[in-house]
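Source file coords39.cif; content: mmCIF, C-alpha atoms.
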```
data_final
loop_
_atom_site.label_atom_id
_atom_site.label_comp_id
_atom_site.auth_asym_id
_atom_site.auth_seq_id
_atom_site.Cartn_x
_atom_site.Cartn_y
_atom_site.Cartn_z
CA MET M 66 39.08 70.64 44.62
CA ARG M 67 36.58 68.13 45.92
CA PRO M 68 37.77 64.53 46.07
CA ILE M 69 36.39 62.41 43.22
CA LEU M 70 36.33 59.13 45.19
CA PRO M 71 32.80 59.50 46.60
CA PHE M 72 31.42 60.15 43.08
CA ALA M 73 33.31 57.17 41.67
CA LEU M 74 32.06 55.02 44.50
CA PHE M 75 28.49 56.20 43.92
CA ALA M 76 28.77 55.53 40.19
CA GLY M 77 30.11 52.05 40.87
CA LEU M 78 27.28 51.26 43.23
CA ALA M 79 24.74 52.56 40.73
CA LEU M 80 26.27 50.45 37.95
CA SER M 81 26.22 47.42 40.23
CA ALA M 82 22.57 47.99 41.06
CA CYS M 83 21.70 48.29 37.38
CA SER M 84 23.45 45.01 36.57
CA THR M 85 21.77 42.99 39.35
CA PRO M 86 19.52 40.35 37.75
CA ASN M 87 15.82 40.89 38.24
CA PRO M 88 14.60 38.40 40.87
CA TYR M 89 11.76 37.23 38.60
CA SER M 90 13.72 36.71 35.39
CA ALA M 91 15.13 33.25 36.06
CA GLY M 92 11.87 31.87 37.43
CA ASN M 93 9.84 33.24 34.53
CA LYS M 94 12.19 31.62 32.02
CA LEU M 95 12.21 28.32 33.91
CA LEU M 96 8.42 28.13 33.92
CA ALA M 97 8.18 28.93 30.22
CA ASP M 98 10.94 26.51 29.22
CA GLU M 99 9.76 23.57 31.31
CA SER M 100 6.13 24.06 30.38
CA ALA M 101 7.15 23.79 26.72
CA ARG M 102 9.28 20.75 27.54
CA ILE M 103 6.30 19.03 29.19
CA GLU M 104 4.05 19.74 26.23
CA SER M 105 6.69 18.19 23.96
CA GLY M 106 6.64 15.02 26.08
CA ASP M 107 10.05 15.35 27.73
CA TYR M 108 8.66 14.77 31.22
CA ALA M 109 11.85 13.48 32.87
CA ALA M 110 14.01 16.48 31.95
CA ALA M 111 11.28 18.93 32.94
CA ALA M 112 10.76 17.20 36.28
CA ARG M 113 14.47 17.37 37.12
CA LYS M 114 14.61 21.11 36.48
CA LEU M 115 11.38 21.85 38.32
CA GLU M 116 12.31 19.73 41.34
CA LEU M 117 15.39 21.88 41.85
CA ARG M 118 13.18 24.95 41.96
CA VAL M 119 10.50 23.44 44.18
CA VAL M 120 12.53 21.35 46.61
CA GLN M 121 15.81 23.23 46.98
CA THR M 122 14.18 26.63 47.54
CA GLU M 123 11.68 25.44 50.14
CA GLY M 124 11.51 28.04 52.90
CA GLU M 125 13.83 30.45 51.06
CA ASP M 126 11.25 32.49 49.14
CA ASP M 127 10.79 35.68 51.16
CA ASP M 128 9.34 37.52 48.18
CA ALA M 129 5.70 36.56 47.59
CA GLY M 130 6.31 36.77 43.84
CA LEU M 131 8.94 34.05 44.12
CA LYS M 132 6.46 31.95 46.09
CA LEU M 133 4.03 32.49 43.25
CA GLN M 134 6.61 31.11 40.82
CA ARG M 135 7.14 28.14 43.13
CA LEU M 136 3.41 27.40 43.08
CA TYR M 137 3.36 27.26 39.29
CA ALA M 138 6.52 25.14 39.26
CA THR M 139 4.73 22.71 41.59
CA TYR M 140 1.71 22.69 39.27
CA LEU M 141 3.98 21.84 36.33
CA LEU M 142 5.63 19.06 38.33
CA ALA M 143 2.26 17.52 39.15
CA ARG M 144 1.30 17.80 35.48
CA ALA M 145 4.54 16.19 34.31
CA HIS M 146 4.08 13.19 36.60
CA ALA M 147 0.38 12.85 35.79
CA LEU M 148 1.12 12.80 32.05
CA ALA M 149 4.06 10.44 32.51
CA SER M 150 1.70 8.00 34.22
CA LEU M 151 -0.20 7.65 30.93
CA GLY M 152 2.14 5.13 29.40
CA LYS M 153 5.41 7.11 29.39
CA PRO M 154 6.91 6.51 32.85
CA PHE M 155 10.45 7.54 33.71
CA LEU M 156 10.46 6.50 37.37
CA SER M 157 11.41 2.99 38.48
CA GLU M 158 8.12 1.27 39.25
CA PRO M 159 7.47 -1.03 42.21
CA VAL M 160 7.28 -4.76 41.58
CA VAL M 161 3.89 -6.17 42.52
CA ASP M 162 3.24 -9.78 43.52
CA THR M 163 0.66 -11.22 41.14
CA GLY M 164 -0.30 -14.03 43.48
CA LEU M 165 0.88 -16.63 40.94
CA GLY M 166 3.87 -18.06 42.74
CA SER M 167 7.10 -16.41 41.64
CA SER M 168 5.52 -14.39 38.85
CA THR M 169 5.61 -10.65 39.29
CA SER M 170 4.70 -7.64 37.21
CA LYS M 171 5.39 -3.94 37.31
CA ALA M 172 2.57 -1.59 38.28
CA VAL M 173 3.15 0.81 35.40
CA GLY M 174 2.57 4.44 36.29
CA VAL M 175 1.85 3.97 40.00
CA GLY M 176 4.97 5.88 41.07
CA HIS M 177 3.97 8.80 38.90
CA VAL M 178 0.39 8.77 40.19
CA VAL M 179 1.73 9.00 43.75
CA ALA M 180 4.23 11.73 42.82
CA ALA M 181 1.54 13.77 41.04
CA SER M 182 -0.70 13.50 44.11
CA MET M 183 2.17 14.54 46.39
CA TYR M 184 2.96 17.65 44.36
CA ALA M 185 -0.75 18.42 44.04
CA ALA M 186 -1.00 18.48 47.83
CA LEU M 187 2.07 20.72 48.11
CA GLY M 188 0.73 23.09 45.47
CA ARG M 189 -2.64 23.42 47.16
CA GLU M 190 -0.82 24.36 50.36
CA LEU M 191 1.27 26.96 48.54
CA SER M 192 -1.77 28.46 46.81
CA GLY M 193 -2.96 29.96 50.09
CA GLN M 194 0.27 31.96 50.45
CA VAL M 195 0.20 33.91 47.20
CA GLU M 196 -3.23 35.54 47.04
CA LYS M 197 -1.73 39.04 47.13
CA ALA M 198 1.61 38.24 45.53
CA PRO M 199 3.06 40.87 43.16
CA ARG M 200 2.89 39.91 39.49
CA GLU M 201 5.94 41.85 38.31
CA ASN M 202 9.12 43.56 39.44
CA LYS M 203 10.47 46.54 37.51
CA GLY M 204 8.68 45.50 34.35
CA VAL M 205 9.56 41.80 34.57
CA LYS M 206 6.56 39.55 35.10
CA ALA M 207 6.67 36.76 37.65
CA LEU M 208 4.82 34.40 35.30
CA PRO M 209 5.17 33.79 31.55
CA ALA M 210 2.35 34.83 29.24
CA GLU M 211 0.93 31.30 28.94
CA PHE M 212 -0.37 31.57 32.50
CA ASP M 213 -2.33 34.75 31.83
CA GLY M 214 -5.87 34.10 32.98
CA PHE M 215 -4.84 30.97 34.89
CA GLU M 216 -5.10 32.36 38.40
CA PRO M 217 -3.79 30.72 41.60
CA LYS M 218 -7.37 29.76 42.53
CA ASP M 219 -7.61 27.89 39.22
CA VAL M 220 -4.26 26.23 39.87
CA ARG M 221 -5.57 25.12 43.27
CA ALA M 222 -8.72 23.69 41.67
CA HIS M 223 -6.63 22.01 38.96
CA LEU M 224 -4.50 20.33 41.61
CA ALA M 225 -7.64 19.21 43.47
CA VAL M 226 -8.83 17.47 40.31
CA CYS M 227 -5.36 15.98 39.82
CA ASN M 228 -5.60 14.60 43.35
CA LEU M 229 -9.08 13.25 42.60
CA VAL M 230 -7.75 11.36 39.58
CA GLY M 231 -4.90 9.94 41.67
CA LEU M 232 -7.28 8.74 44.39
CA SER M 233 -9.52 7.16 41.78
CA ARG M 234 -6.64 5.33 40.13
CA LEU M 235 -5.35 4.08 43.49
CA GLY M 236 -8.76 2.75 44.51
CA PHE M 237 -9.80 5.22 47.23
CA ASP M 238 -13.41 5.14 46.10
CA ASP M 239 -15.01 6.40 49.32
CA ARG M 240 -12.79 9.48 49.37
CA VAL M 241 -13.49 10.10 45.66
CA ARG M 242 -17.25 10.02 46.24
CA GLU M 243 -16.85 12.41 49.17
CA ILE M 244 -14.93 14.91 47.04
CA ILE M 245 -17.38 14.73 44.14
CA GLY M 246 -20.32 15.01 46.52
CA GLY M 247 -19.01 18.37 47.69
CA ALA M 248 -18.35 19.69 44.17
CA ALA M 249 -21.74 20.74 42.78
CA GLU M 250 -20.14 22.03 39.56
CA MET M 251 -19.27 18.45 38.66
CA HIS M 252 -22.81 17.09 39.01
CA THR M 253 -23.96 18.05 35.53
CA PHE M 254 -22.11 17.03 32.43
CA ASP M 255 -22.01 20.41 30.72
CA SER M 256 -20.71 22.26 33.77
CA CYS M 257 -18.16 19.53 34.53
CA LYS M 258 -16.85 19.54 30.97
CA ALA M 259 -16.56 23.35 31.04
CA LEU M 260 -14.75 23.13 34.39
CA LEU M 261 -12.16 20.69 33.05
CA GLU M 262 -11.51 23.01 30.12
CA ARG M 263 -11.16 26.07 32.34
CA LEU M 264 -8.81 24.26 34.70
CA ARG M 265 -6.65 22.96 31.82
CA ILE M 266 -7.03 19.32 32.83
CA ALA M 267 -5.09 17.14 30.39
CA ARG M 268 -7.40 15.13 28.13
CA GLY M 269 -5.69 11.90 29.12
CA LEU M 270 -6.78 12.39 32.76
CA ARG M 271 -10.43 13.15 32.05
CA PRO M 272 -11.74 9.56 31.72
CA TRP M 273 -11.22 9.04 35.46
CA VAL M 274 -13.10 12.23 36.28
CA TYR M 275 -16.03 11.18 34.09
CA ALA M 276 -16.04 7.61 35.42
CA SER M 277 -15.86 8.75 39.06
CA THR M 278 -18.71 11.21 38.61
CA PHE M 279 -20.73 8.47 36.92
CA ASP M 280 -20.21 6.27 39.98
CA TYR M 281 -21.50 9.06 42.19
CA LEU M 282 -24.60 9.83 40.10
CA LYS M 283 -25.70 6.34 39.07
CA ARG M 284 -26.85 5.49 42.59
CA SER M 285 -30.06 7.47 42.15
CA ASP M 286 -32.70 6.56 39.58
CA GLY M 287 -33.41 10.23 39.01
CA THR M 288 -29.82 11.03 38.08
CA GLU M 289 -29.20 8.00 35.85
CA PRO M 290 -29.75 9.97 32.60
CA GLU M 291 -27.09 12.46 33.71
CA ALA M 292 -24.85 9.61 34.89
CA TYR M 293 -25.13 8.13 31.39
CA LYS M 294 -23.47 11.21 29.89
CA PHE M 295 -20.46 10.76 32.16
CA ALA M 296 -20.28 7.01 31.53
CA VAL M 297 -20.35 7.30 27.77
CA GLN M 298 -17.84 10.17 27.79
CA ALA M 299 -15.48 8.09 29.93
CA VAL M 300 -15.65 5.34 27.32
CA VAL M 301 -15.20 7.74 24.41
CA THR M 302 -12.23 9.55 25.97
CA SER M 303 -10.53 6.44 27.37
CA ALA M 304 -8.43 6.30 24.20
CA ASP M 305 -6.76 9.56 25.29
CA SER M 306 -5.27 7.84 28.34
CA GLY M 307 -2.54 6.02 26.41
CA GLY M 308 -3.87 2.67 27.57
CA ALA M 309 -3.74 3.59 31.25
CA PHE M 310 -7.52 3.58 31.73
CA ASP M 311 -8.41 0.07 32.81
CA ALA M 312 -9.92 -2.03 30.00
CA GLN M 313 -12.19 -3.90 32.40
CA ARG M 314 -13.49 -0.60 33.74
CA ARG M 315 -14.25 0.49 30.19
CA GLU M 316 -16.15 -2.74 29.54
CA ASP M 317 -18.13 -2.33 32.76
CA LEU M 318 -19.16 1.18 31.75
CA SER M 319 -20.21 0.01 28.30
CA ARG M 320 -22.24 -2.83 29.81
CA TRP M 321 -24.08 -0.46 32.15
CA ILE M 322 -24.85 1.89 29.25
CA THR M 323 -26.36 -0.83 27.10
CA SER M 324 -28.00 -3.08 29.69
CA GLY M 325 -27.45 -1.98 33.29
CA SER M 326 -29.30 1.34 33.29
CA ASN M 327 -33.03 1.67 33.89
CA TYR M 328 -33.08 3.73 30.70
CA GLU M 329 -32.16 3.13 27.10
CA TYR M 330 -30.40 5.84 25.13
CA ARG M 331 -31.18 6.69 21.52
CA CYS M 332 -30.03 9.17 18.92
CA PRO M 333 -32.68 11.93 18.99
CA GLU M 334 -32.65 12.10 15.19
CA HIS M 335 -32.38 8.47 14.05
CA ARG M 336 -33.70 6.75 17.19
CA VAL M 337 -30.99 4.08 17.05
CA LEU M 338 -29.71 2.65 20.32
CA VAL M 339 -26.35 3.77 21.62
CA GLN M 340 -23.28 1.67 20.84
CA PRO M 341 -20.62 3.19 23.11
CA GLU M 342 -17.67 1.50 21.39
CA LEU M 343 -18.40 3.47 18.18
CA GLY M 344 -17.97 6.89 19.76
CA ARG M 345 -20.87 8.45 17.81
CA CYS M 346 -24.21 7.60 16.25
CA GLN M 347 -23.80 4.58 13.97
CA GLU M 348 -25.97 6.01 11.23
CA ILE M 349 -23.83 6.92 8.21
CA GLY M 350 -23.22 10.65 8.10
CA CYS M 351 -24.53 11.32 11.62
CA GLN M 352 -21.97 12.96 13.87
CA ARG M 353 -24.22 13.14 16.91
CA ALA M 354 -22.12 12.88 20.08
CA LEU M 355 -23.16 10.01 22.32
CA HIS M 356 -23.67 12.19 25.38
CA GLU M 357 -26.43 13.95 23.40
CA PHE M 358 -28.50 10.76 23.08
CA THR M 359 -31.87 10.99 24.81
CA PRO M 360 -33.02 8.67 27.62
CA GLN M 361 -36.19 6.63 27.62
CA ARG M 362 -37.23 4.48 30.56
CA LYS M 363 -37.16 0.80 29.76
CA GLN M 364 -40.37 -1.18 29.77
CA ARG M 365 -40.08 -3.89 32.40
#
```
Could you take the file, read its structure, and then write that structure out as structure tokens?
Amino acid sequence: MRPILPFALFAGLALSACSTPNPYSAGNKLLADESARIESGDYAAAARKLELRVVQTEGEDDDAGLKLQRLYATYLLARAHALASLGKPFLSEPVVDTGLGSSTSKAVGVGHVVAASMYAALGRELSGQVEKAPRENKGVKALPAEFDGFEPKDVRAHLAVCNLVGLSRLGFDDRVREIIGGAAEMHTFDSCKALLERLRIARGLRPWVYASTFDYLKRSDGTEPEAYKFAVQAVVTSADSGGAFDAQRREDLSRWITSGSNYEYRCPEHRVLVQPELGRCQEIGCQRALHEFTPQRKQR
């Protein structure tokens, strides 16, 4: 009679192999859960969970699929901090000297702007390591279904825009102009708006993109009519920022639209002048979007 030990040992090893968790299961669930948490507004809890995945596993992901999961976790972290900067901060903010003796105030959201930019930079670095990463292991996908069609190249571009917004908010205007100058897709309103949709840029972050592109385009007389579209859209969408978009900046944009441009802008149907604070044509029943108003050079 043959000994039964080798068969029992083989069966035990096979059972053990079958019960080993799939390496992609935990990461897939984490991404799905924390993405939903971010969309519900629970940024602090999501950030804590995602930081454990991003920071504690640095250098430990030998499998390219796990690196892919880390990239998307970094994207979600940048998104959580960017959204938290729009009036719902959970980080302790630095105290800023107001220049009025002992009076000080908190720079609300600055810590989150910096954190979002930091994770955006990390994510862009990671995106170059996962171009050929496997998307599933034994039937388990590395990424949840919500990221279908949102490729690593789109994540990289999303994070570049996130970084652009951070630089704009922190006052690095020269660097912002340099980035926009090299991004031809942002130089026309329609293509820029489509890009922001494709890259899933949060609506609350878009006013800074529009305002920064306006700054770039307004310098040339020939591009002023296109610059107008960005300026007026920045004003219209500033309400989405939760009060984070600077009120003085909004007023400056409105002033340029109504009196600073070499053109005046009118509803193509009713010929009334634009009033940016209204968000649409002021004629009753007209829903014409302000960026659709037509330019006419002013008579000097």
CA of Gly231 (chain M) to CA of Leu343 (chain M): how many Å, to one decimal?
-> 27.9 Å
When the PyMOL selection byres ((chain M and resi 205-222) around 9) is applied to the file above, which residues end up in the set, as a PyMOL selection string?
-> chain M and resi 87-90+92-94+96-97+130-131+133-134+136-137+140+185+188-193+195-196+199-204+223-227+263-265
Fewer than 5 positions away in the same chain doesn't count, so skip those; otherwise give me all residues within 10 Å of region 235-249 of chain M, counting all atoms listed in the file, as a PyMOL selection string.
-> chain M and resi 175+178-179+225-226+228-230+256-257+274+277-278+280-282
Carefully work through the PyMOL selection byres ((chain M and resi 307) around 8) for this structure and note down the residues it includes, as a PyMOL selection string.
-> chain M and resi 151-152+269+304-306+308-310
Mind telling me what the PyMOL selection byres ((chain M and resi 319-330) around 6) catches here, as a PyMOL selection string?
-> chain M and resi 316-318+331+338-339+358-363
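In this model, the gap between CA of Ala186 (chain M) and CA of Ala143 (chain M) comes to 9.3 Å.
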Taking all atoms of region 250-260 of chain M that the file lists, what box with edges along x, y and z, padded by 4 Å per side, do you get, with centre and edge lengths in Å to one decimal, as AutoDock Vina command-line options?
```
--center_x -19.4 --center_y 20.2 --center_z 35.1 --size_x 17.2 --size_y 14.3 --size_z 16.8
```
Which residue, M:Gln313, M:Glu357, M:Tyr275, M:Thr302, has the smallest gap to Glu334 (chain M) when you use only C-alpha atoms?
->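 Nearest candidate to Glu334 (chain M) out of M:Gln313, M:Glu357, M:Tyr275, M:Thr302: M:Glu357.
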